[in-house]
Amino acid sequence: MAWQRPDGRQPHQLRPISFQQGFTRYASGSVLTKFGETHVLCTVSVTKGVPRFLEGTGKGWLTAEYRMLPSATHQRQEREFMKLSGRTQEIQRLIGRSLRAALDLEALGERTLTVDADVLQADAGTRTTAVTGGFVALANAISKLLQQGVIERSPLIGQVAAVSVGLLEEEPFLDLDYTEDVAAGVDFNVVMNQNLGIIEIQGTAEEGSFSRQQLGELLNFAEKGIQQLLILQQEAIADWKDIYRGATS
């Protein structure tokens, strides 16, 4: 019997996606991103200076922090302070790597952009939601820097979005919720750019293995989902055409 999605979606369908911009007052970019019942607050802050290894180069930097609120899941989780779990470190590095791929760091100058992804409610796909929403928040921050005259040209040379895919009953499914995520035999997180070039793939077989053909099917589903997300991001960013420099640096 084929897997029946709890919310009635077709295998290739995304959950309802929304970007509520300006969710907080003080961050340069602020977006409450919703992938179904997964809600992640993505904010971007700008500070002068860069890590020591970049000092004097004229290049900027982007880094990311990821946290999950204690009540984001069914059972309360302890807050992470100084000692971060391996999962948290892995996710925030993924967010940082993914979003740096969209930037011309020289155009940013010696400034650091910090992307904070705070999970308010988790129903699987928090890291892909953070990457996709983090990009919208990043675009908002860049727009503000341009308006304020802090930078002369936009450093935004790419677009980035991410989505989860998985095998359930040996069949591919897009954008898994929690029920599907825990039942999936294979679970992938895929990050792509505006040309559907792959930035990162994280995936494994939770049990058994999967074939090369199934891998191709999963990537096809991810590609179609990311195509939709790229359009939704552009529609959400009011001055997209003014701040996006395309594929050239």
# chains A, B, ... in the order shown; residues from 1 in each chain; ligands from 1

call {"tool": "residues_around", "arguments": {"residues": "Gly185 (chain A)", "least_positions_apart": "5", "cutoff": "10 Å", "atoms": "only C-alpha atoms", "output": "list in words"}}
result
Gly166, Leu167, Leu168, Glu169, Glu170, Glu171, Glu180, Thr204, Ala205, Glu206, Glu207, Gly208, Ser209 and Phe210 of chain A

call {"tool": "write_last_selection", "arguments": {"atoms": "all heavy atoms", "output": "tab-separated table (two decimals), in the first residue's frame"}}
result
chain	number	residue	atom	x	y	z
A	166	GLY	N	12.45	12.58	0.65
A	166	GLY	CA	12.66	11.29	1.29
A	166	GLY	C	11.92	10.18	0.59
A	166	GLY	O	11.05	10.42	-0.26
A	167	LEU	N	12.29	8.94	0.93
A	167	LEU	CA	11.62	7.76	0.41
A	167	LEU	C	10.70	7.19	1.48
A	167	LEU	O	11.13	6.91	2.60
A	167	LEU	CB	12.63	6.69	-0.01
A	167	LEU	CG	13.51	6.98	-1.23
A	167	LEU	CD1	14.46	5.81	-1.48
A	167	LEU	CD2	12.66	7.23	-2.47
A	168	LEU	N	9.43	7.04	1.13
A	168	LEU	CA	8.43	6.41	1.99
A	168	LEU	C	7.78	5.30	1.20
A	168	LEU	O	7.28	5.54	0.08
A	168	LEU	CB	7.39	7.44	2.44
A	168	LEU	CG	7.91	8.50	3.41
A	168	LEU	CD1	7.21	9.81	3.21
A	168	LEU	CD2	7.75	8.01	4.84
A	169	GLU	N	7.83	4.09	1.73
A	169	GLU	CA	7.36	2.91	0.99
A	169	GLU	C	8.06	2.83	-0.37
A	169	GLU	O	7.44	2.50	-1.40
A	169	GLU	CB	5.84	2.97	0.80
A	169	GLU	CG	5.02	3.13	2.07
A	169	GLU	CD	5.11	1.92	2.99
A	169	GLU	OE1	5.48	0.83	2.51
A	169	GLU	OE2	4.81	2.08	4.19
A	170	GLU	N	9.34	3.18	-0.38
A	170	GLU	CA	10.20	3.12	-1.56
A	170	GLU	C	9.85	4.14	-2.63
A	170	GLU	O	10.38	4.09	-3.75
A	170	GLU	CB	10.16	1.70	-2.19
A	170	GLU	CG	10.67	0.60	-1.28
A	170	GLU	CD	12.14	0.77	-0.94
A	170	GLU	OE1	12.94	1.05	-1.85
A	170	GLU	OE2	12.48	0.65	0.26
A	171	GLU	N	9.00	5.11	-2.32
A	171	GLU	CA	8.61	6.13	-3.29
A	171	GLU	C	9.08	7.51	-2.81
A	171	GLU	O	9.11	7.78	-1.61
A	171	GLU	CB	7.09	6.15	-3.48
A	171	GLU	CG	6.52	4.88	-4.10
A	171	GLU	CD	7.02	4.64	-5.50
A	171	GLU	OE1	7.23	5.63	-6.24
A	171	GLU	OE2	7.21	3.46	-5.88
A	180	GLU	N	6.23	12.08	8.48
A	180	GLU	CA	6.91	11.46	7.34
A	180	GLU	C	8.40	11.34	7.58
A	180	GLU	O	9.02	10.35	7.20
A	180	GLU	CB	6.64	12.29	6.09
A	180	GLU	CG	5.16	12.30	5.71
A	180	GLU	CD	4.83	13.32	4.64
A	180	GLU	OE1	5.48	14.38	4.59
A	180	GLU	OE2	3.92	13.03	3.84
A	204	THR	N	21.00	10.21	3.93
A	204	THR	CA	21.43	8.88	4.31
A	204	THR	C	20.23	7.94	4.31
A	204	THR	O	19.07	8.37	4.35
A	204	THR	CB	22.05	8.90	5.73
A	204	THR	OG1	22.61	7.62	6.02
A	204	THR	CG2	21.01	9.25	6.78
A	205	ALA	N	20.51	6.66	4.25
A	205	ALA	CA	19.48	5.65	4.42
A	205	ALA	C	19.34	5.35	5.90
A	205	ALA	O	20.31	4.98	6.56
A	205	ALA	CB	19.84	4.38	3.66
A	206	GLU	N	18.16	5.58	6.44
A	206	GLU	CA	17.93	5.30	7.86
A	206	GLU	C	17.92	3.79	8.11
A	206	GLU	O	18.25	3.33	9.20
A	206	GLU	CB	16.61	5.91	8.30
A	206	GLU	CG	16.53	7.43	8.13
A	206	GLU	CD	17.51	8.16	9.01
A	206	GLU	OE1	17.95	7.57	10.02
A	206	GLU	OE2	17.84	9.31	8.69
A	207	GLU	N	17.51	3.06	7.10
A	207	GLU	CA	17.52	1.59	7.18
A	207	GLU	C	17.72	1.04	5.78
A	207	GLU	O	17.20	1.58	4.81
A	207	GLU	CB	16.20	1.08	7.77
A	207	GLU	CG	14.96	1.59	7.04
A	207	GLU	CD	13.67	1.19	7.72
A	207	GLU	OE1	13.62	1.22	8.96
A	207	GLU	OE2	12.73	0.86	6.99
A	208	GLY	N	18.53	0.00	5.66
A	208	GLY	CA	18.76	-0.59	4.34
A	208	GLY	C	19.60	0.32	3.47
A	208	GLY	O	20.58	0.92	3.90
A	209	SER	N	19.18	0.48	2.22
A	209	SER	CA	19.93	1.28	1.26
A	209	SER	C	18.98	1.81	0.20
A	209	SER	O	17.77	1.55	0.24
A	209	SER	CB	21.02	0.43	0.59
A	209	SER	OG	20.43	-0.65	-0.13
A	210	PHE	N	19.53	2.57	-0.74
A	210	PHE	CA	18.71	3.06	-1.85
A	210	PHE	C	19.53	2.97	-3.13
A	210	PHE	O	20.77	2.93	-3.11
A	210	PHE	CB	18.23	4.50	-1.60
A	210	PHE	CG	19.33	5.49	-1.32
A	210	PHE	CD1	19.87	6.26	-2.33
A	210	PHE	CD2	19.82	5.66	-0.03
A	210	PHE	CE1	20.87	7.19	-2.08
A	210	PHE	CE2	20.82	6.59	0.24
A	210	PHE	CZ	21.35	7.34	-0.79

call {"tool": "select_by_dssp", "arguments": {"residues": "region 10-218 of chain A", "states": "strand (DSSP E)", "output": "ChimeraX atom specification"}}
result
/A:17-21,29-35,38-48,61-68,111-121,160-168,171-174,186-193,198-205

call {"tool": "residues_around", "arguments": {"residues": "Pro16 (chain A)", "least_positions_apart": "3", "cutoff": "8 Å", "atoms": "only C-alpha atoms", "output": "VMD selection string"}}
result
chain A and resid 34 to 36

call {"tool": "residues_around", "arguments": {"residues": "region 138-153 of chain A", "least_positions_apart": "2", "cutoff": "9 Å", "atoms": "only C-alpha atoms", "output": "NGL selection string"}}
result
:A and (21-22 or 27-31 or 42-46 or 99 or 107-109 or 113 or 115 or 133-136 or 155-156 or 237-240 or 242-245)

call {"tool": "closest_residue", "arguments": {"among": "A:Ala161, A:Ala183, A:Gly203, A:Met68", "to": "Gln227 (chain A)", "atoms": "only C-alpha atoms"}}
result
A:Ala161

call {"tool": "closest_residue", "arguments": {"among": "A:Tyr178, A:Ser85, A:Asn220, A:Ser211", "to": "Leu196 (chain A)", "atoms": "only C-alpha atoms"}}
result
A:Asn220

call {"tool": "closest_residue", "arguments": {"among": "A:Arg100, A:Arg87, A:Lys241, A:Arg111", "to": "Val50 (chain A)", "atoms": "only C-alpha atoms"}}
result
A:Arg111

call {"tool": "closest_residue", "arguments": {"among": "A:Arg79, A:Ser164, A:Ile95, A:Thr33", "to": "Gln202 (chain A)", "atoms": "only C-alpha atoms"}}
result
A:Ser164

call {"tool": "select_by_dssp", "arguments": {"residues": "region 21-168 of chain A", "states": "alpha helix (DSSP H)", "output": "ChimeraX atom specification"}}
result
/A:86-100,105-108,126-147

call {"tool": "decode", "arguments": {"residues": "region 4-17 of chain A", "atoms": "all heavy atoms", "output": "mmCIF file, in the first residue's frame"}}
result
data_model
loop_
_atom_site.group_PDB
_atom_site.id
_atom_site.type_symbol
_atom_site.label_atom_id
_atom_site.label_comp_id
_atom_site.auth_asym_id
_atom_site.auth_seq_id
_atom_site.Cartn_x
_atom_site.Cartn_y
_atom_site.Cartn_z
ATOM 1 N N GLN A 4 0.241 7.344 2.339
ATOM 2 C CA GLN A 4 -0.750 8.409 2.249
ATOM 3 C C GLN A 4 -0.297 9.568 3.129
ATOM 4 O O GLN A 4 -0.099 9.404 4.328
ATOM 5 C CB GLN A 4 -2.130 7.912 2.706
ATOM 6 C CG GLN A 4 -2.700 6.775 1.865
ATOM 7 C CD GLN A 4 -2.966 7.202 0.428
ATOM 8 O OE1 GLN A 4 -3.517 8.265 0.177
ATOM 9 N NE2 GLN A 4 -2.571 6.344 -0.516
ATOM 10 N N ARG A 5 -0.150 10.738 2.541
ATOM 11 C CA ARG A 5 0.335 11.885 3.298
ATOM 12 C C ARG A 5 -0.725 12.337 4.307
ATOM 13 O O ARG A 5 -1.921 12.442 3.956
ATOM 14 C CB ARG A 5 0.706 13.038 2.367
ATOM 15 C CG ARG A 5 1.664 12.645 1.269
ATOM 16 C CD ARG A 5 2.383 13.829 0.653
ATOM 17 N NE ARG A 5 3.561 14.195 1.457
ATOM 18 C CZ ARG A 5 4.528 14.994 1.015
ATOM 19 N NH1 ARG A 5 4.444 15.533 -0.189
ATOM 20 N NH2 ARG A 5 5.560 15.282 1.792
ATOM 21 N N PRO A 6 -0.314 12.611 5.537
ATOM 22 C CA PRO A 6 -1.277 13.002 6.578
ATOM 23 C C PRO A 6 -2.099 14.235 6.222
ATOM 24 O O PRO A 6 -3.263 14.351 6.614
ATOM 25 C CB PRO A 6 -0.380 13.270 7.796
ATOM 26 C CG PRO A 6 0.861 12.480 7.548
ATOM 27 C CD PRO A 6 1.053 12.488 6.063
ATOM 28 N N ASP A 7 -1.503 15.178 5.478
ATOM 29 C CA ASP A 7 -2.212 16.413 5.135
ATOM 30 C C ASP A 7 -2.852 16.366 3.745
ATOM 31 O O ASP A 7 -3.361 17.376 3.261
ATOM 32 C CB ASP A 7 -1.284 17.617 5.242
ATOM 33 C CG ASP A 7 -0.021 17.462 4.386
ATOM 34 O OD1 ASP A 7 0.063 16.483 3.608
ATOM 35 O OD2 ASP A 7 0.875 18.316 4.494
ATOM 36 N N GLY A 8 -2.814 15.197 3.104
ATOM 37 C CA GLY A 8 -3.482 15.051 1.816
ATOM 38 C C GLY A 8 -2.706 15.571 0.618
ATOM 39 O O GLY A 8 -3.233 15.573 -0.502
ATOM 40 N N ARG A 9 -1.462 16.023 0.814
ATOM 41 C CA ARG A 9 -0.678 16.523 -0.308
ATOM 42 C C ARG A 9 -0.302 15.406 -1.278
ATOM 43 O O ARG A 9 -0.198 14.240 -0.901
ATOM 44 C CB ARG A 9 0.622 17.172 0.191
ATOM 45 C CG ARG A 9 0.473 18.528 0.799
ATOM 46 C CD ARG A 9 1.843 19.065 1.192
ATOM 47 N NE ARG A 9 2.442 18.320 2.302
ATOM 48 C CZ ARG A 9 3.749 18.148 2.477
ATOM 49 N NH1 ARG A 9 4.602 18.639 1.594
ATOM 50 N NH2 ARG A 9 4.200 17.482 3.531
ATOM 51 N N GLN A 10 -0.063 15.786 -2.527
ATOM 52 C CA GLN A 10 0.514 14.874 -3.496
ATOM 53 C C GLN A 10 2.007 14.699 -3.177
ATOM 54 O O GLN A 10 2.608 15.563 -2.531
ATOM 55 C CB GLN A 10 0.335 15.414 -4.913
ATOM 56 C CG GLN A 10 -1.111 15.488 -5.371
ATOM 57 C CD GLN A 10 -1.778 14.126 -5.395
ATOM 58 O OE1 GLN A 10 -1.255 13.176 -5.976
ATOM 59 N NE2 GLN A 10 -2.922 14.025 -4.736
ATOM 60 N N PRO A 11 2.622 13.609 -3.625
ATOM 61 C CA PRO A 11 4.034 13.377 -3.301
ATOM 62 C C PRO A 11 4.956 14.528 -3.686
ATOM 63 O O PRO A 11 5.949 14.792 -2.998
ATOM 64 C CB PRO A 11 4.377 12.114 -4.094
ATOM 65 C CG PRO A 11 3.069 11.394 -4.209
ATOM 66 C CD PRO A 11 2.031 12.466 -4.356
ATOM 67 N N HIS A 12 4.639 15.244 -4.772
ATOM 68 C CA HIS A 12 5.516 16.297 -5.284
ATOM 69 C C HIS A 12 5.163 17.674 -4.741
ATOM 70 O O HIS A 12 5.786 18.660 -5.149
ATOM 71 C CB HIS A 12 5.425 16.341 -6.813
ATOM 72 C CG HIS A 12 4.047 16.665 -7.306
ATOM 73 N ND1 HIS A 12 3.083 15.681 -7.464
ATOM 74 C CD2 HIS A 12 3.458 17.834 -7.647
ATOM 75 C CE1 HIS A 12 1.969 16.249 -7.886
ATOM 76 N NE2 HIS A 12 2.170 17.555 -8.004
ATOM 77 N N GLN A 13 4.212 17.776 -3.813
ATOM 78 C CA GLN A 13 3.745 19.084 -3.347
ATOM 79 C C GLN A 13 4.498 19.565 -2.116
ATOM 80 O O GLN A 13 4.766 18.793 -1.186
ATOM 81 C CB GLN A 13 2.250 19.050 -3.019
ATOM 82 C CG GLN A 13 1.338 19.110 -4.226
ATOM 83 C CD GLN A 13 -0.113 19.224 -3.812
ATOM 84 O OE1 GLN A 13 -0.636 18.369 -3.095
ATOM 85 N NE2 GLN A 13 -0.769 20.287 -4.252
ATOM 86 N N LEU A 14 4.804 20.874 -2.120
ATOM 87 C CA LEU A 14 5.332 21.530 -0.930
ATOM 88 C C LEU A 14 4.219 21.773 0.078
ATOM 89 O O LEU A 14 3.040 21.804 -0.276
ATOM 90 C CB LEU A 14 5.942 22.886 -1.302
ATOM 91 C CG LEU A 14 7.203 22.912 -2.167
ATOM 92 C CD1 LEU A 14 7.428 24.322 -2.703
ATOM 93 C CD2 LEU A 14 8.413 22.430 -1.386
ATOM 94 N N ARG A 15 4.599 21.979 1.323
ATOM 95 C CA ARG A 15 3.653 22.477 2.304
ATOM 96 C C ARG A 15 3.350 23.942 1.996
ATOM 97 O O ARG A 15 4.089 24.581 1.235
ATOM 98 C CB ARG A 15 4.246 22.345 3.718
ATOM 99 C CG ARG A 15 4.365 20.911 4.204
ATOM 100 C CD ARG A 15 5.056 20.817 5.561
ATOM 101 N NE ARG A 15 6.494 21.029 5.470
ATOM 102 C CZ ARG A 15 7.322 20.935 6.512
ATOM 103 N NH1 ARG A 15 6.846 20.662 7.719
ATOM 104 N NH2 ARG A 15 8.616 21.127 6.352
ATOM 105 N N PRO A 16 2.307 24.534 2.570
ATOM 106 C CA PRO A 16 2.082 25.971 2.384
ATOM 107 C C PRO A 16 3.290 26.765 2.890
ATOM 108 O O PRO A 16 3.778 26.537 3.998
ATOM 109 C CB PRO A 16 0.839 26.250 3.232
ATOM 110 C CG PRO A 16 0.138 24.932 3.310
ATOM 111 C CD PRO A 16 1.219 23.897 3.356
ATOM 112 N N ILE A 17 3.783 27.686 2.053
ATOM 113 C CA ILE A 17 4.984 28.459 2.363
ATOM 114 C C ILE A 17 4.610 29.926 2.522
ATOM 115 O O ILE A 17 3.834 30.469 1.733
ATOM 116 C CB ILE A 17 6.024 28.348 1.229
ATOM 117 C CG1 ILE A 17 6.262 26.883 0.827
ATOM 118 C CG2 ILE A 17 7.327 29.032 1.631
ATOM 119 C CD1 ILE A 17 6.899 26.028 1.877
#
